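Engineer: Just so it is clear, I am handing over model17.cif, which has mmCIF, C-alpha atoms.
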```cif
data_coords
loop_
_atom_site.label_atom_id
_atom_site.label_comp_id
_atom_site.auth_asym_id
_atom_site.auth_seq_id
_atom_site.Cartn_x
_atom_site.Cartn_y
_atom_site.Cartn_z
CA MET M 15 2.21 -5.22 -21.79
CA ARG M 16 3.80 -5.19 -18.33
CA GLU M 17 2.00 -3.56 -15.46
CA ARG M 18 3.28 -0.18 -14.31
CA ILE M 19 3.65 0.22 -10.55
CA ILE M 20 4.69 3.02 -8.21
CA ILE M 21 5.33 2.18 -4.57
CA ALA M 22 5.56 4.74 -1.77
CA ASN M 23 8.00 3.85 1.01
CA TRP M 24 7.49 6.25 3.91
CA LYS M 25 10.29 4.58 5.90
CA MET M 26 10.29 5.74 9.56
CA ASN M 27 8.49 9.00 8.90
CA GLY M 28 5.15 10.56 9.70
CA THR M 29 2.51 10.65 12.37
CA LEU M 30 -1.04 9.36 12.50
CA GLU M 31 -2.24 12.86 11.72
CA SER M 32 0.08 13.23 8.72
CA ALA M 33 -0.90 9.77 7.43
CA ARG M 34 -4.57 10.74 7.54
CA ALA M 35 -3.85 14.03 5.79
CA TRP M 36 -1.79 12.27 3.08
CA ILE M 37 -4.60 9.83 2.35
CA GLU M 38 -7.21 12.56 2.16
CA ALA M 39 -5.00 14.58 -0.18
CA TYR M 40 -4.32 11.58 -2.42
CA ARG M 41 -7.97 10.64 -2.61
CA THR M 42 -8.84 14.06 -4.02
CA LEU M 43 -6.53 13.47 -6.99
CA PRO M 44 -7.69 11.73 -10.16
CA ALA M 45 -6.58 8.12 -10.64
CA ALA M 46 -3.23 7.72 -12.40
CA ALA M 47 -3.90 6.06 -15.75
CA ASN M 48 -2.38 2.62 -16.36
CA CYS M 49 -0.48 2.72 -13.09
CA ARG M 50 -0.87 0.57 -9.99
CA ALA M 51 -0.08 2.41 -6.73
CA VAL M 52 0.99 0.93 -3.39
CA LEU M 53 1.57 2.68 -0.06
CA CYS M 54 4.12 1.06 2.29
CA ALA M 55 3.77 2.65 5.72
CA PRO M 56 5.20 1.98 9.20
CA PHE M 57 3.68 -1.03 10.97
CA VAL M 58 1.81 0.99 13.61
CA TYR M 59 -0.23 2.90 11.01
CA LEU M 60 -1.10 -0.02 8.75
CA PRO M 61 -4.44 -1.07 10.32
CA GLU M 62 -5.95 2.40 10.03
CA ILE M 63 -4.49 2.97 6.56
CA VAL M 64 -5.97 -0.32 5.34
CA GLU M 65 -9.39 0.71 6.64
CA ARG M 66 -9.22 4.21 5.17
CA LEU M 67 -8.17 2.89 1.75
CA ARG M 68 -10.59 -0.01 1.61
CA GLY M 69 -12.45 0.07 -1.69
CA THR M 70 -9.98 2.47 -3.31
CA PRO M 71 -7.37 1.65 -6.01
CA LEU M 72 -4.48 2.50 -3.66
CA GLU M 73 -3.11 -0.72 -2.16
CA VAL M 74 -1.28 -1.12 1.14
CA GLY M 75 2.11 -2.69 1.83
CA ALA M 76 4.50 -3.21 4.74
CA GLN M 77 8.15 -2.18 4.83
CA ASP M 78 9.48 -5.47 6.20
CA VAL M 79 8.39 -8.83 7.62
CA ASN M 80 9.83 -11.62 9.73
CA GLU M 81 10.55 -14.86 7.91
CA ASN M 82 9.00 -17.05 10.64
CA PRO M 83 5.26 -17.78 10.84
CA SER M 84 5.13 -17.29 14.64
CA GLY M 85 7.20 -17.77 17.79
CA ALA M 86 9.41 -16.07 20.34
CA TYR M 87 10.58 -13.19 18.15
CA THR M 88 9.88 -10.15 20.30
CA GLY M 89 9.14 -7.01 18.31
CA GLU M 90 8.73 -8.82 14.98
CA ILE M 91 5.73 -9.04 12.63
CA SER M 92 4.84 -12.15 10.63
CA ALA M 93 3.43 -12.31 7.13
CA GLY M 94 0.30 -13.93 8.51
CA MET M 95 -0.27 -10.94 10.77
CA LEU M 96 0.09 -8.57 7.83
CA ALA M 97 -2.31 -10.60 5.73
CA ASP M 98 -4.74 -10.70 8.65
CA ILE M 99 -5.19 -6.92 8.58
CA GLY M 100 -5.42 -6.69 4.79
CA VAL M 101 -1.87 -5.86 3.72
CA SER M 102 -1.23 -7.12 0.19
CA TRP M 103 2.39 -6.09 -0.54
CA CYS M 104 5.65 -6.16 1.43
CA ILE M 105 9.14 -4.77 0.81
CA VAL M 106 11.93 -7.25 1.52
CA GLY M 107 15.66 -6.71 1.30
CA HIS M 108 15.66 -2.92 1.29
CA SER M 109 19.26 -1.74 1.46
CA GLU M 110 18.64 -0.09 4.82
CA ARG M 111 17.53 -3.44 6.25
CA ARG M 112 20.59 -5.11 4.78
CA ARG M 113 22.99 -2.40 5.95
CA TYR M 114 21.70 -1.47 9.39
CA TYR M 115 19.96 -4.64 10.54
CA GLY M 116 22.07 -7.39 9.04
CA ASP M 117 19.62 -8.90 6.58
CA THR M 118 21.60 -11.44 4.56
CA ASP M 119 20.72 -12.57 1.06
CA ASN M 120 19.35 -15.80 2.49
CA ARG M 121 17.21 -14.06 5.09
CA VAL M 122 15.79 -11.74 2.45
CA ALA M 123 14.91 -14.80 0.37
CA MET M 124 13.14 -16.44 3.31
CA LYS M 125 11.21 -13.23 4.01
CA ALA M 126 10.08 -13.12 0.40
CA LEU M 127 9.00 -16.74 0.59
CA ALA M 128 7.12 -16.16 3.86
CA ALA M 129 5.25 -13.22 2.34
CA ALA M 130 4.30 -15.18 -0.77
CA LYS M 131 3.05 -18.12 1.29
CA ALA M 132 0.75 -15.73 3.17
CA GLY M 133 -0.66 -14.39 -0.09
CA ILE M 134 1.33 -11.16 0.05
CA ARG M 135 3.27 -9.92 -2.98
CA PRO M 136 6.95 -9.47 -2.06
CA ILE M 137 8.82 -6.50 -3.48
CA VAL M 138 12.38 -7.85 -3.67
CA CYS M 139 15.01 -5.12 -3.43
CA VAL M 140 18.48 -5.51 -4.90
CA GLY M 141 21.28 -2.99 -5.25
CA GLU M 142 24.99 -2.29 -5.01
CA THR M 143 26.94 0.14 -2.82
CA LEU M 144 29.12 2.89 -4.25
CA GLU M 145 32.24 0.88 -3.39
CA GLU M 146 30.90 -2.18 -5.19
CA ARG M 147 29.97 -0.07 -8.19
CA GLU M 148 33.43 1.51 -8.36
CA ARG M 149 35.00 -1.97 -8.30
CA GLY M 150 32.84 -2.98 -11.28
CA GLU M 151 30.84 -5.47 -9.20
CA THR M 152 27.32 -4.19 -9.91
CA GLN M 153 26.17 -7.18 -11.96
CA THR M 154 27.78 -9.67 -9.58
CA VAL M 155 26.09 -8.17 -6.53
CA ILE M 156 22.67 -7.83 -8.17
CA LEU M 157 22.65 -11.40 -9.45
CA ARG M 158 23.90 -12.78 -6.13
CA GLN M 159 21.05 -11.10 -4.30
CA LEU M 160 18.49 -12.17 -6.89
CA ASN M 161 19.77 -15.75 -7.10
CA ALA M 162 19.23 -16.21 -3.36
CA VAL M 163 15.53 -15.51 -3.86
CA LEU M 164 15.25 -17.65 -6.97
CA ALA M 165 16.80 -20.54 -5.03
CA VAL M 166 13.73 -20.77 -2.77
CA MET M 167 10.81 -19.55 -4.89
CA MET M 168 9.64 -19.24 -8.47
CA PRO M 169 9.41 -15.87 -10.23
CA ALA M 170 5.63 -16.22 -10.45
CA SER M 171 5.45 -15.68 -6.68
CA ILE M 172 7.48 -12.43 -6.78
CA GLY M 173 5.31 -9.33 -6.91
CA ALA M 174 8.07 -7.05 -8.19
CA VAL M 175 11.83 -6.61 -8.18
CA ALA M 176 13.18 -3.18 -7.25
CA TYR M 177 16.67 -2.14 -8.30
CA GLU M 178 17.86 0.45 -5.81
CA PRO M 179 21.51 1.46 -6.14
CA VAL M 180 22.53 2.17 -2.56
CA TRP M 181 24.59 5.16 -3.64
CA ALA M 182 21.44 6.85 -5.00
CA ILE M 183 19.11 6.36 -2.03
CA GLY M 184 18.36 9.62 -0.27
CA THR M 185 21.43 11.25 -1.75
CA GLY M 186 19.85 13.22 -4.55
CA HIS M 187 21.99 11.28 -7.01
CA VAL M 188 20.01 9.17 -9.44
CA ALA M 189 21.32 6.60 -11.88
CA ASP M 190 20.96 7.94 -15.39
CA PRO M 191 18.22 6.15 -17.34
CA GLU M 192 20.65 4.20 -19.53
CA THR M 193 22.65 2.93 -16.54
CA ALA M 194 19.50 1.87 -14.72
CA GLN M 195 18.15 0.23 -17.89
CA ALA M 196 21.27 -1.92 -18.24
CA VAL M 197 20.78 -3.35 -14.74
CA HIS M 198 17.04 -3.83 -15.25
CA ALA M 199 17.71 -5.71 -18.49
CA SER M 200 20.18 -8.03 -16.74
CA ILE M 201 17.59 -8.76 -14.03
CA ARG M 202 15.02 -9.63 -16.67
CA ARG M 203 17.48 -11.88 -18.50
CA ARG M 204 18.14 -13.76 -15.26
CA ILE M 205 14.41 -14.27 -14.71
CA GLU M 206 14.08 -15.54 -18.30
CA LEU M 207 16.41 -18.43 -17.49
CA VAL M 208 13.88 -19.66 -14.93
CA ASP M 209 10.52 -18.59 -16.35
CA GLN M 210 10.47 -16.88 -19.71
CA ALA M 211 6.77 -16.04 -19.55
CA ARG M 212 7.06 -14.42 -16.13
CA ALA M 213 10.13 -12.49 -17.22
CA MET M 214 7.95 -10.74 -19.77
CA THR M 215 5.35 -9.71 -17.16
CA LEU M 216 7.38 -9.19 -13.96
CA PRO M 217 7.51 -5.49 -13.02
CA ILE M 218 11.07 -4.31 -12.38
CA LEU M 219 11.12 -1.00 -10.56
CA TYR M 220 13.81 1.61 -10.02
CA GLY M 221 14.44 3.12 -6.59
CA GLY M 222 16.86 5.85 -5.60
CA SER M 223 16.06 9.58 -5.41
CA VAL M 224 13.13 9.29 -7.83
CA THR M 225 11.28 12.60 -8.22
CA PRO M 226 8.58 14.02 -10.49
CA ASP M 227 11.39 15.70 -12.46
CA ASN M 228 13.38 12.58 -13.33
CA ALA M 229 10.64 9.93 -13.38
CA ALA M 230 9.62 10.30 -17.03
CA GLY M 231 13.17 9.76 -18.28
CA LEU M 232 13.50 6.58 -16.23
CA PHE M 233 10.10 5.23 -17.23
CA ALA M 234 10.91 5.74 -20.92
CA MET M 235 13.41 2.87 -20.69
CA PRO M 236 12.07 -0.48 -21.97
CA ASP M 237 12.74 -2.48 -18.81
CA ILE M 238 11.90 0.11 -16.14
CA ASP M 239 8.30 -0.50 -15.15
CA GLY M 240 7.86 1.91 -12.28
CA ALA M 241 9.47 3.13 -9.09
CA LEU M 242 10.01 2.48 -5.41
CA VAL M 243 9.77 6.03 -4.10
CA GLY M 244 11.24 7.20 -0.79
CA GLY M 245 11.43 10.87 0.13
CA ALA M 246 9.27 12.09 -2.74
CA SER M 247 6.43 9.84 -1.56
CA LEU M 248 6.00 11.78 1.70
CA LYS M 249 3.93 14.33 -0.21
CA ALA M 250 0.82 12.93 -1.87
CA THR M 251 1.06 15.37 -4.77
CA SER M 252 4.65 14.46 -5.68
CA PHE M 253 3.93 10.73 -5.43
CA PHE M 254 0.91 11.24 -7.67
CA ALA M 255 3.01 13.22 -10.15
CA ILE M 256 5.48 10.32 -10.39
CA GLY M 257 2.55 8.02 -11.14
CA GLN M 258 1.38 10.36 -13.87
CA ALA M 259 4.84 10.19 -15.44
#
```
Can the structure from this file be put into structure tokens for me?

Structural biologist:
Amino acid sequence: MRERIIIANWKMNGTLESARAWIEAYRTLPAAANCRAVLCAPFVYLPEIVERLRGTPLEVGAQDVNENPSGAYTGEISAGMLADIGVSWCIVGHSERRRYYGDTDNRVAMKALAAAKAGIRPIVCVGETLEERERGETQTVILRQLNAVLAVMMPASIGAVAYEPVWAIGTGHVADPETAQAVHASIRRRIELVDQARAMTLPILYGGSVTPDNAAGLFAMPDIDGALVGGASLKATSFFAIGQA
């Protein structure tokens, strides 16, 4: 049975006070059965969040990482630095990083590799824009992005793959479960060509306007193993409810 995972991505939101309040609220809730939970917060809050969550089931992740181990890269954070403070997961290739900050498929792959080398589980994001979808290029885009990662590392080193259709992120529009399932299945088939055993255990998550109301329908699909949650993760109770689904 594949592991179920929900990942909170706060993006560039919150304050130290709100982060503390979120953690306290989450810790009062009962553990979500059969579901691993990860909180990906802004860099500046990670050290305190790691300390506050130490010894709890809720794991901590970063939202991005630099692909280089060290050097003259002002403003960047290395995987070694993240590992040094106790971060165990890291998002790479989020569509916002690709769109606004120029992350290429190759750079995303190198970020994933850097994270894995530091003992951090990379969450590899893939997804198509609305224009690409309307041109019937969804599968081509997804496989191109995934192949770049598979060219530099084995599936065993990938913590999770997250399919996040760009047209659904923060828009309130969510891919219907059957549409999302078709893409998830194609991702799993691609992994099978490299490592059949890992393809059966690799969590493939859906991201894009996931809420407590639509989560159960998505999770009922055979190849959707959890969610990368944006806006709905800013409230501890709604993130927890998605985990319960």

Engineer: Name the closest residue to M:Thr154 among the candidates M:Met214, M:Ser200, M:Val138, M:Asp117; distances are taken between atoms, counting all atoms listed in the file.

Structural biologist: M:Ser200

Engineer: Give as a PyMOL selection string each residue that has an atom at most 6 Å from (5.8, 5.5, 0.2) in the file, counting all atoms listed in the file.

Structural biologist: chain M and resi 21-24+53-54+243-244+247

Engineer: Using only C-alpha atoms, please write the residues we just selected to a file, as a PDB file, in the frame of the given file.

Structural biologist:
```
ATOM      1  CA  ILE M  21       5.330   2.180  -4.570  1.00  0.00           C
ATOM      2  CA  ALA M  22       5.560   4.740  -1.770  1.00  0.00           C
ATOM      3  CA  ASN M  23       8.000   3.850   1.010  1.00  0.00           C
ATOM      4  CA  TRP M  24       7.490   6.250   3.910  1.00  0.00           C
ATOM      5  CA  LEU M  53       1.570   2.680  -0.060  1.00  0.00           C
ATOM      6  CA  CYS M  54       4.120   1.060   2.290  1.00  0.00           C
ATOM      7  CA  VAL M 243       9.770   6.030  -4.100  1.00  0.00           C
ATOM      8  CA  GLY M 244      11.240   7.200  -0.790  1.00  0.00           C
ATOM      9  CA  SER M 247       6.430   9.840  -1.560  1.00  0.00           C
TER      10      SER M 247
END
```

Engineer: Pick the closest to M:Leu164 from M:His187, M:Asp119, M:Ala199, M:Arg135: which is it, counting all atoms listed in the file?

Structural biologist: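 Between M:His187, M:Asp119, M:Ala199, M:Arg135, the residue approaching M:Leu164 most closely is M:Asp119.
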
Engineer: Apply the PyMOL selection byres ((chain M and resi 81-91) around 12) to the structure shown and report the selected residues as a PyMOL selection string.

Structural biologist: chain M and resi 56-58+60+76-80+92-99+104+106-107+117+120-132+136

Engineer: Deliver the residues from the most recent selection as a file, using C-alpha atoms, as a CSV table (one decimal), in the frame of the given file.

Structural biologist:
```
chain,number,residue,atom,x,y,z
M,56,PRO,CA,5.2,2.0,9.2
M,57,PHE,CA,3.7,-1.0,11.0
M,58,VAL,CA,1.8,1.0,13.6
M,60,LEU,CA,-1.1,0.0,8.8
M,76,ALA,CA,4.5,-3.2,4.7
M,77,GLN,CA,8.2,-2.2,4.8
M,78,ASP,CA,9.5,-5.5,6.2
M,79,VAL,CA,8.4,-8.8,7.6
M,80,ASN,CA,9.8,-11.6,9.7
M,92,SER,CA,4.8,-12.2,10.6
M,93,ALA,CA,3.4,-12.3,7.1
M,94,GLY,CA,0.3,-13.9,8.5
M,95,MET,CA,-0.3,-10.9,10.8
M,96,LEU,CA,0.1,-8.6,7.8
M,97,ALA,CA,-2.3,-10.6,5.7
M,98,ASP,CA,-4.7,-10.7,8.6
M,99,ILE,CA,-5.2,-6.9,8.6
M,104,CYS,CA,5.6,-6.2,1.4
M,106,VAL,CA,11.9,-7.2,1.5
M,107,GLY,CA,15.7,-6.7,1.3
M,117,ASP,CA,19.6,-8.9,6.6
M,120,ASN,CA,19.4,-15.8,2.5
M,121,ARG,CA,17.2,-14.1,5.1
M,122,VAL,CA,15.8,-11.7,2.4
M,123,ALA,CA,14.9,-14.8,0.4
M,124,MET,CA,13.1,-16.4,3.3
M,125,LYS,CA,11.2,-13.2,4.0
M,126,ALA,CA,10.1,-13.1,0.4
M,127,LEU,CA,9.0,-16.7,0.6
M,128,ALA,CA,7.1,-16.2,3.9
M,129,ALA,CA,5.2,-13.2,2.3
M,130,ALA,CA,4.3,-15.2,-0.8
M,131,LYS,CA,3.0,-18.1,1.3
M,132,ALA,CA,0.8,-15.7,3.2
M,136,PRO,CA,7.0,-9.5,-2.1
```

Engineer: Please list as a PDB file with C-alpha atoms, in the frame of the given file every residue within 10 Å of M:Ala234, counting only C-alpha atoms and excluding residues in the same chain fewer than 5 positions away.

Structural biologist:
```pdb
ATOM      1  CA  PRO M 191      18.220   6.150 -17.340  1.00  0.00           C
ATOM      2  CA  GLU M 192      20.650   4.200 -19.530  1.00  0.00           C
ATOM      3  CA  GLN M 195      18.150   0.230 -17.890  1.00  0.00           C
ATOM      4  CA  ALA M 229      10.640   9.930 -13.380  1.00  0.00           C
ATOM      5  CA  ASP M 239       8.300  -0.500 -15.150  1.00  0.00           C
ATOM      6  CA  GLY M 240       7.860   1.910 -12.280  1.00  0.00           C
ATOM      7  CA  ALA M 259       4.840  10.190 -15.440  1.00  0.00           C
TER       8      ALA M 259
END
```
